[in-house]
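Visitor: Dropping in my_file15.tsv, with TSV, C-alpha atoms and all ligand atoms.
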```tsv
chain	number	residue	atom	x	y	z
G	1	MET	CA	8.21	18.56	29.53
G	2	SER	CA	7.34	18.15	25.84
G	3	GLU	CA	3.84	17.09	24.80
G	4	THR	CA	3.19	13.41	23.92
G	5	LEU	CA	2.22	13.25	20.26
G	6	ILE	CA	1.95	9.48	19.94
G	7	GLU	CA	-0.08	7.80	22.69
G	8	VAL	CA	0.80	4.16	23.19
G	9	VAL	CA	-1.63	1.72	24.86
G	10	GLU	CA	-0.95	-1.98	25.05
G	11	ASN	CA	-2.88	-5.12	25.89
G	12	ALA	CA	-1.40	-8.61	25.53
G	13	GLY	CA	0.99	-7.74	22.70
G	14	ILE	CA	-1.61	-5.69	20.83
G	15	VAL	CA	-0.41	-2.10	20.67
G	16	ARG	CA	-2.58	0.88	19.83
G	17	LEU	CA	-0.83	4.03	18.64
G	18	THR	CA	-2.82	7.27	18.59
G	19	ILE	CA	-1.45	10.27	16.71
G	20	SER	CA	-2.50	13.10	18.94
G	21	ARG	CA	-2.47	16.61	17.51
G	22	PRO	CA	-6.21	17.13	17.29
G	23	LYS	CA	-6.09	20.93	16.94
G	24	ALA	CA	-4.29	20.46	13.60
G	25	LEU	CA	-6.42	17.42	12.65
G	26	ASN	CA	-3.41	15.24	13.58
G	27	ALA	CA	-1.28	16.65	10.74
G	28	LEU	CA	2.19	15.11	10.60
G	29	ASN	CA	4.90	17.60	11.52
G	30	SER	CA	8.53	16.69	12.18
G	31	ALA	CA	7.93	16.26	15.91
G	32	VAL	CA	5.09	13.75	15.31
G	33	LEU	CA	7.13	11.87	12.73
G	34	ALA	CA	10.19	11.71	14.99
G	35	GLU	CA	8.15	10.38	17.90
G	36	LEU	CA	6.38	7.86	15.67
G	37	ASP	CA	9.74	6.68	14.35
G	38	SER	CA	11.17	6.06	17.80
G	39	VAL	CA	8.01	4.23	18.97
G	40	LEU	CA	8.14	2.01	15.86
G	41	ALA	CA	11.87	1.34	16.37
G	42	GLU	CA	11.10	-0.04	19.84
G	43	LEU	CA	8.17	-2.12	18.60
G	44	GLU	CA	9.97	-3.73	15.66
G	45	ALA	CA	12.49	-5.37	17.99
G	46	ARG	CA	9.91	-7.07	20.20
G	47	ASP	CA	9.26	-10.82	19.93
G	48	ASP	CA	6.06	-10.63	21.98
G	49	LEU	CA	4.32	-8.16	19.65
G	50	ARG	CA	1.10	-9.54	18.08
G	51	ALA	CA	-0.56	-6.66	16.20
G	52	VAL	CA	-0.36	-2.88	15.90
G	53	LEU	CA	-3.26	-0.52	15.47
G	54	ILE	CA	-2.71	3.08	14.39
G	55	THR	CA	-5.30	5.82	14.59
G	56	GLY	CA	-5.75	9.56	15.06
G	57	ALA	CA	-7.14	11.31	18.13
G	58	GLY	CA	-10.81	12.27	17.94
G	59	GLU	CA	-13.50	11.36	15.47
G	60	LYS	CA	-12.94	14.20	13.00
G	61	SER	CA	-9.64	13.12	11.55
G	62	PHE	CA	-7.27	10.19	11.19
G	63	VAL	CA	-4.48	12.39	9.78
G	64	ALA	CA	-5.12	15.42	7.53
G	65	GLY	CA	-1.73	15.11	5.83
G	66	ALA	CA	1.76	16.41	6.34
G	67	ASP	CA	1.89	19.76	8.15
G	68	ILE	CA	1.45	22.36	5.41
G	69	ALA	CA	2.50	25.33	7.51
G	70	GLU	CA	5.76	23.60	8.41
G	71	MET	CA	6.45	22.59	4.79
G	72	ARG	CA	5.64	25.94	3.21
G	73	ASP	CA	9.08	27.54	3.40
G	74	LYS	CA	11.22	24.51	2.75
G	75	THR	CA	13.92	24.60	0.10
G	76	PRO	CA	14.10	21.64	-2.32
G	77	GLU	CA	16.95	20.17	-0.26
G	78	GLN	CA	15.00	20.53	2.99
G	79	ALA	CA	11.87	19.07	1.37
G	80	ARG	CA	13.87	16.09	0.12
G	81	ALA	CA	15.40	15.48	3.57
G	82	PHE	CA	12.01	15.84	5.31
G	83	ALA	CA	10.28	13.45	2.92
G	84	ARG	CA	13.19	10.99	2.99
G	85	GLN	CA	12.99	10.79	6.78
G	86	ALA	CA	9.20	10.36	6.60
G	87	LEU	CA	9.59	7.65	3.94
G	88	ALA	CA	11.86	5.73	6.32
G	89	THR	CA	9.31	6.02	9.14
G	90	VAL	CA	6.44	4.89	6.91
G	91	LYS	CA	8.60	1.98	5.73
G	92	ARG	CA	9.24	1.07	9.36
G	93	LEU	CA	5.47	0.88	9.89
G	94	GLU	CA	5.00	-1.16	6.72
G	95	THR	CA	7.70	-3.67	7.65
G	96	LEU	CA	6.68	-4.26	11.26
G	97	PRO	CA	6.71	-8.06	11.46
G	98	VAL	CA	3.10	-8.27	12.72
G	99	PRO	CA	-0.23	-7.26	11.15
G	100	THR	CA	-0.92	-3.54	11.26
G	101	VAL	CA	-4.36	-1.97	11.15
G	102	ALA	CA	-5.19	1.65	10.31
G	103	LEU	CA	-8.35	2.68	12.15
G	104	VAL	CA	-9.64	5.60	10.10
G	105	ASN	CA	-12.09	8.19	11.36
G	106	GLY	CA	-12.79	11.33	9.36
G	107	PHE	CA	-10.06	12.92	7.23
G	108	CYS	CA	-7.41	10.62	5.81
G	109	LEU	CA	-5.63	12.92	3.39
G	110	GLY	CA	-2.20	13.24	1.80
G	111	GLY	CA	0.41	11.88	4.21
G	112	GLY	CA	-2.47	10.40	6.27
G	113	CYS	CA	-3.63	8.32	3.34
G	114	GLU	CA	0.00	7.33	2.73
G	115	LEU	CA	0.29	6.18	6.35
G	116	ALA	CA	-2.87	4.08	5.99
G	117	LEU	CA	-1.51	2.59	2.75
G	118	ALA	CA	1.51	1.29	4.64
G	119	CYS	CA	-0.76	-0.74	6.96
G	120	ASP	CA	-1.92	-4.27	6.20
G	121	TRP	CA	-5.50	-3.43	7.06
G	122	ALA	CA	-7.50	-0.24	6.79
G	123	VAL	CA	-10.81	-0.14	8.60
G	124	ALA	CA	-12.79	3.05	8.13
G	125	SER	CA	-15.80	4.61	9.75
G	126	ASP	CA	-18.59	5.69	7.42
G	127	ASN	CA	-17.56	9.35	7.95
G	128	ALA	CA	-14.06	8.79	6.53
G	129	ILE	CA	-12.79	10.95	3.66
G	130	PHE	CA	-9.76	9.89	1.64
G	131	GLY	CA	-7.65	11.73	-0.88
G	132	GLN	CA	-4.23	12.68	-2.18
G	133	PRO	CA	-4.78	16.44	-2.54
G	134	GLU	CA	-1.10	17.36	-2.99
G	135	VAL	CA	-1.53	18.76	-6.53
G	136	LEU	CA	-3.89	21.35	-5.05
G	137	LEU	CA	-0.87	22.57	-3.07
G	138	GLY	CA	1.54	22.39	-5.98
G	139	VAL	CA	3.34	19.22	-4.88
G	140	ILE	CA	3.03	15.45	-5.27
G	141	PRO	CA	2.61	12.79	-2.58
G	142	GLY	CA	5.96	12.49	-0.82
G	143	PHE	CA	5.44	9.75	1.76
G	144	GLY	CA	5.13	6.89	-0.74
G	145	GLY	CA	1.67	7.60	-2.17
G	146	THR	CA	2.68	7.58	-5.83
G	147	GLN	CA	4.03	4.05	-5.35
G	148	ARG	CA	1.82	2.37	-2.75
G	149	LEU	CA	-1.49	3.76	-4.02
G	150	PRO	CA	-1.18	2.22	-7.54
G	151	ARG	CA	-0.07	-1.05	-5.97
G	152	ARG	CA	-3.24	-1.02	-3.82
G	153	VAL	CA	-5.89	0.33	-6.21
G	154	GLY	CA	-4.24	0.06	-9.66
G	155	PRO	CA	-2.49	2.78	-11.69
G	156	ALA	CA	-5.62	4.20	-13.36
G	157	MET	CA	-7.39	4.95	-10.09
G	158	ALA	CA	-4.15	6.16	-8.46
G	159	LEU	CA	-3.63	8.60	-11.35
G	160	ASP	CA	-7.25	9.71	-11.05
G	161	LEU	CA	-6.91	10.47	-7.34
G	162	CYS	CA	-3.42	11.99	-7.45
G	163	THR	CA	-3.92	14.22	-10.51
G	164	THR	CA	-7.36	15.55	-9.56
G	165	GLY	CA	-6.75	15.75	-5.81
G	166	ARG	CA	-10.42	14.85	-5.38
G	167	LYS	CA	-11.69	13.50	-2.09
G	168	ILE	CA	-13.60	10.23	-1.92
G	169	ASP	CA	-15.93	8.91	0.75
G	170	ALA	CA	-15.61	5.64	2.62
G	171	SER	CA	-17.89	3.68	0.30
G	172	GLU	CA	-15.81	4.62	-2.75
G	173	ALA	CA	-12.63	3.80	-0.81
G	174	LEU	CA	-14.10	0.35	-0.12
G	175	ARG	CA	-15.17	-0.15	-3.73
G	176	ILE	CA	-11.69	0.61	-5.12
G	177	GLY	CA	-9.95	-1.55	-2.50
G	178	LEU	CA	-8.28	1.26	-0.59
G	179	VAL	CA	-9.85	-0.01	2.66
G	180	ASN	CA	-10.82	-3.50	3.81
G	181	ARG	CA	-13.97	-2.62	5.77
G	182	VAL	CA	-16.30	0.30	6.42
G	183	MET	CA	-18.28	0.34	9.64
G	184	PRO	CA	-20.82	2.72	11.16
G	185	GLN	CA	-18.88	4.99	13.50
G	186	ALA	CA	-20.65	3.59	16.59
G	187	GLU	CA	-19.56	0.03	15.75
G	188	LEU	CA	-16.01	0.75	14.62
G	189	GLU	CA	-14.19	0.38	17.95
G	190	ALA	CA	-15.89	-2.92	18.82
G	191	TYR	CA	-15.16	-4.29	15.36
G	192	VAL	CA	-11.48	-3.34	15.50
G	193	GLU	CA	-11.12	-4.74	19.01
G	194	GLU	CA	-12.49	-8.06	17.79
G	195	LEU	CA	-10.26	-7.98	14.69
G	196	THR	CA	-7.05	-7.31	16.63
G	197	LYS	CA	-8.02	-9.97	19.19
G	198	GLN	CA	-8.47	-12.43	16.33
G	199	LEU	CA	-5.16	-11.46	14.70
G	200	GLY	CA	-3.41	-11.61	18.07
G	201	GLY	CA	-4.93	-14.99	18.96
G	202	ASN	CA	-3.68	-16.85	15.87
G	203	GLY	CA	-0.31	-18.61	15.85
G	204	PRO	CA	2.16	-15.72	16.10
G	205	ARG	CA	4.95	-17.38	14.08
G	206	ALA	CA	2.49	-18.33	11.37
G	207	VAL	CA	1.02	-14.83	11.26
G	208	ARG	CA	4.50	-13.26	10.98
G	209	ALA	CA	5.51	-15.80	8.32
G	210	THR	CA	2.34	-15.03	6.34
G	211	LYS	CA	3.09	-11.32	6.37
G	212	GLN	CA	6.69	-11.92	5.33
G	213	ALA	CA	5.68	-14.27	2.50
G	214	ILE	CA	3.13	-11.84	1.07
G	215	HIS	CA	5.15	-8.64	1.52
G	216	ASP	CA	8.52	-9.97	0.38
G	217	GLY	CA	6.99	-12.20	-2.29
G	218	MET	CA	5.22	-9.28	-3.96
G	219	ASP	CA	8.61	-7.75	-4.82
G	220	GLN	CA	9.93	-10.96	-6.42
G	221	ASP	CA	9.25	-12.95	-9.58
G	222	LEU	CA	6.75	-15.78	-9.08
G	223	ASP	CA	9.25	-18.64	-8.88
G	224	SER	CA	11.41	-16.88	-6.28
G	225	ALA	CA	8.31	-15.94	-4.32
G	226	LEU	CA	7.06	-19.54	-4.36
G	227	SER	CA	10.47	-20.67	-3.04
G	228	LEU	CA	10.13	-18.11	-0.27
G	229	GLU	CA	6.69	-19.49	0.60
G	230	ASN	CA	8.11	-23.01	0.63
G	231	ALA	CA	10.93	-22.02	3.01
G	232	LEU	CA	8.53	-20.23	5.35
G	233	PHE	CA	6.08	-23.16	5.25
G	234	ALA	CA	8.91	-25.46	6.41
G	235	PHE	CA	9.94	-22.90	9.04
G	236	CYS	CA	6.47	-23.19	10.59
G	237	PHE	CA	7.17	-26.88	11.31
G	238	ALA	CA	10.32	-26.01	13.25
G	239	GLY	CA	8.64	-24.78	16.46
G	240	ASP	CA	5.98	-25.82	18.99
G	241	GLU	CA	3.27	-23.74	17.38
G	242	GLN	CA	2.46	-26.09	14.51
G	243	THR	CA	2.42	-29.10	16.88
G	244	GLU	CA	0.00	-27.26	19.18
G	245	GLY	CA	-2.22	-26.08	16.31
G	246	MET	CA	-2.53	-29.48	14.68
G	247	SER	CA	-2.79	-31.40	17.98
G	248	ALA	CA	-5.61	-29.07	19.07
G	249	PHE	CA	-7.48	-29.85	15.86
G	250	VAL	CA	-7.04	-33.61	16.27
G	251	GLU	CA	-7.99	-33.44	19.99
G	252	LYS	CA	-11.03	-31.24	19.22
G	253	ARG	CA	-9.96	-28.33	21.45
G	254	LYS	CA	-8.89	-24.73	20.94
G	255	PRO	CA	-5.15	-24.20	20.33
G	256	ASP	CA	-3.23	-22.29	22.97
G	257	PHE	CA	-0.66	-20.16	21.17
G	301	LIG	N1	-1.29	20.86	7.91
G	301	LIG	C1	-1.33	21.79	8.87
G	301	LIG	N2	-2.46	22.18	9.50
G	301	LIG	C2	-3.60	21.57	9.14
G	301	LIG	C3	-3.64	20.59	8.14
G	301	LIG	C4	-2.42	20.22	7.51
G	301	LIG	N3	-2.32	19.24	6.58
G	301	LIG	N4	-4.92	20.19	7.96
G	301	LIG	C5	-5.65	20.91	8.84
G	301	LIG	N5	-4.86	21.74	9.55
G	301	LIG	C6	-5.25	22.69	10.60
G	301	LIG	C7	-5.91	23.93	10.01
G	301	LIG	O1	-4.93	24.83	9.58
G	301	LIG	C8	-6.73	24.42	11.18
G	301	LIG	O2	-5.87	25.07	12.08
G	301	LIG	P1	-6.35	26.47	12.80
G	301	LIG	O3	-7.55	26.06	13.61
G	301	LIG	O4	-5.17	26.86	13.61
G	301	LIG	O5	-6.71	27.39	11.68
G	301	LIG	C9	-7.17	23.12	11.87
G	301	LIG	O6	-6.27	22.11	11.41
G	301	LIG	C10	-8.57	22.70	11.50
G	301	LIG	O7	-8.65	22.66	10.08
G	301	LIG	P2	-9.80	23.43	9.25
G	301	LIG	O8	-10.24	24.64	9.99
G	301	LIG	O9	-9.29	23.61	7.86
G	301	LIG	O10	-10.94	22.33	9.31
G	301	LIG	P3	-12.10	22.08	8.22
G	301	LIG	O11	-13.03	21.09	8.86
G	301	LIG	O12	-12.65	23.37	7.73
G	301	LIG	O13	-11.35	21.40	6.98
G	301	LIG	C11	-9.85	19.82	5.92
G	301	LIG	C12	-10.75	20.14	7.13
G	301	LIG	C13	-10.69	19.67	4.65
G	301	LIG	C14	-9.11	18.52	6.22
G	301	LIG	C15	-8.84	21.00	5.73
G	301	LIG	O14	-8.21	21.26	6.99
G	301	LIG	C16	-7.75	20.69	4.74
G	301	LIG	O15	-7.97	20.75	3.55
G	301	LIG	N6	-6.54	20.35	5.24
G	301	LIG	C17	-5.41	20.09	4.38
G	301	LIG	C18	-5.50	18.72	3.73
G	301	LIG	C19	-4.33	18.52	2.81
G	301	LIG	O16	-4.15	19.18	1.82
G	301	LIG	N7	-3.48	17.49	3.13
G	301	LIG	C20	-2.33	17.15	2.35
G	301	LIG	C21	-1.14	17.86	2.86
G	301	LIG	S1	0.28	17.65	1.82
G	301	LIG	C22	0.85	16.10	2.19
G	301	LIG	O17	0.36	15.42	3.05
G	301	LIG	C23	2.00	15.65	1.35
G	301	LIG	C24	2.93	14.72	2.04
G	301	LIG	C25	4.25	14.66	1.37
G	301	LIG	C26	5.05	15.86	1.61
G	301	LIG	C27	6.44	15.75	1.11
G	301	LIG	C28	7.45	16.49	1.96
G	301	LIG	C29	8.02	17.75	1.51
```
Written as structure tokens, how would this file's structure read?
Ligand code: CO8

Guide:
Amino acid sequence: MSETLIEVVENAGIVRLTISRPKALNALNSAVLAELDSVLAELEARDDLRAVLITGAGEKSFVAGADIAEMRDKTPEQARAFARQALATVKRLETLPVPTVALVNGFCLGGGCELALACDWAVASDNAIFGQPEVLLGVIPGFGGTQRLPRRVGPAMALDLCTTGRKIDASEALRIGLVNRVMPQAELEAYVEELTKQLGGNGPRAVRATKQAIHDGMDQDLDSALSLENALFAFCFAGDEQTEGMSAFVEKRKPDF
């Protein structure tokens, strides 16, 4: 039987995915990427999904990048096909209809950083190290980093990180907006549990509509994006959720979504 590379644990629609290749610091080889892709394909179809958390096994590394040993002998055509497949998997993560949280311990480098960039949230422990060190290997980021990093931290900082390959610590990652929160390692799990519970407890249609409005709107001109918001706002009034949310407020009780 083949080894499980993506551990899946679920509680009330909140799914935790753990990339588990600790001996290689959870580096992404084709087997990991294929398994991640099929797990994400199952998740994206589910109506009862509330939030997805992605992390790496152990406290030393989230993901230390794409697997360098596996990439070393690739021809340009093979490299293109490998990266194209990985781009599709990362896109699948990015477009999951529910909030996604990267829980980052330790090394978050190259393809690892690119995976975190595809998540809505990144929460890091104070031992986390980020970087796009591809130029040190004679390549560029290939899993979306040259495009998502400047959109997250601005082109100047993205160029800084991608052309020097330098590593930054969690506090710099927070300062430049690469991550949303930094927590002491001992408090990270409790914080993320509370966060996912909060995300999962809010009106699920409204949460999905919020993600869609922000993600899809960012790729449109302002007027089209405002029309999208308007359509999604109206959509929220078409189900029971808005009635429950507003009735709960008026009746001074907690909503039951
Ligand atoms: N790929 C394969 N194996 C890795 C990787 C990796 N990215 N990172 C670590 N490992 C392995 C090591 O080879 C080592 O294995 P072994 O014990 O068998 O020798 C084991 O993990 C532990 O690593 P170290 O002994 O090096 O641990 P250290 O604590 O000394 O160092 C570092 C940790 C600093 C993270 C170091 O391992 C390192 O620099 N790793 C590489 C980081 C890196 O450059 N990442 C970017 C990779 S390129 C990329 O992600 C581009 C994506 C787009 C590609 C496009 C497709 C073609």

Visitor: If you count only C-alpha atoms and all ligand atoms, which residues end up within 9 Å of ligand LIG 301 (chain G), as a ChimeraX atom specification?

Guide: /G:22-29,60-61,63-72,74,76,78-84,86,106-114,129,131-137,139-145,165

Visitor: Compile the contact shell of Ala102 in chain G as a CSV table (one decimal) with C-alpha atoms, keeping the file's coordinate frame: residues with an atom at most 6 Å away, counting only C-alpha atoms, same-chain residues fewer than 2 positions apart removed.

Guide:
```csv
chain,number,residue,atom,x,y,z
G,53,LEU,CA,-3.3,-0.5,15.5
G,54,ILE,CA,-2.7,3.1,14.4
G,55,THR,CA,-5.3,5.8,14.6
G,104,VAL,CA,-9.6,5.6,10.1
G,116,ALA,CA,-2.9,4.1,6.0
G,122,ALA,CA,-7.5,-0.2,6.8
```

Visitor: Using CA of Ala170 in chain G and CA of Val52 in chain G as the two end points, give the distance in Å to one decimal.

Guide: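 Going from CA of Ala170 in chain G over to CA of Val52 in chain G covers 21.9 Å.
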
Visitor: Show which residues sit within 9 Å of Arg152 in chain G, as a list in words. Count all atoms listed in the file, and ignore same-chain residues fewer than 6 positions away.

Guide: Leu117, Ala158, Ile176, Gly177 and Leu178 of chain G

Visitor: Quick one: distance from CA of Val98 in chain G to CA of Leu228 in chain G in Å, one decimal?

Guide: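 We find that CA of Val98 in chain G and CA of Leu228 in chain G lie 17.7 Å from each other.
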
Visitor: Tell me which protein, DNA and RNA residues are within 12 Å of Ala225 in chain G, counting all atoms listed in the file, leaving out same-chain ones fewer than 4 positions away, and put them as a VMD selection string.

Guide: chain G and resid 212 to 221 229 to 232

Visitor: Store the residues picked out above in a file with C-alpha atoms, as a PDB file, in the frame of the given file.

Guide:
```pdb
ATOM      1  CA  GLN G 212       6.690 -11.920   5.330  1.00  0.00           C
ATOM      2  CA  ALA G 213       5.680 -14.270   2.500  1.00  0.00           C
ATOM      3  CA  ILE G 214       3.130 -11.840   1.070  1.00  0.00           C
ATOM      4  CA  HIS G 215       5.150  -8.640   1.520  1.00  0.00           C
ATOM      5  CA  ASP G 216       8.520  -9.970   0.380  1.00  0.00           C
ATOM      6  CA  GLY G 217       6.990 -12.200  -2.290  1.00  0.00           C
ATOM      7  CA  MET G 218       5.220  -9.280  -3.960  1.00  0.00           C
ATOM      8  CA  ASP G 219       8.610  -7.750  -4.820  1.00  0.00           C
ATOM      9  CA  GLN G 220       9.930 -10.960  -6.420  1.00  0.00           C
ATOM     10  CA  ASP G 221       9.250 -12.950  -9.580  1.00  0.00           C
ATOM     11  CA  GLU G 229       6.690 -19.490   0.600  1.00  0.00           C
ATOM     12  CA  ASN G 230       8.110 -23.010   0.630  1.00  0.00           C
ATOM     13  CA  ALA G 231      10.930 -22.020   3.010  1.00  0.00           C
ATOM     14  CA  LEU G 232       8.530 -20.230   5.350  1.00  0.00           C
TER      15      LEU G 232
END
```

Visitor: With distances taken over only C-alpha atoms, which of G:Phe235, G:Trp121, G:Phe130, G:Phe62 is nearest to Ala206 in chain G?

Guide: G:Phe235

Visitor: Measure the distance from CA of Cys236 in chain G to CA of Ala209 in chain G in Å and round it to one decimal.

Guide: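 Those two atoms sit 7.8 Å apart.
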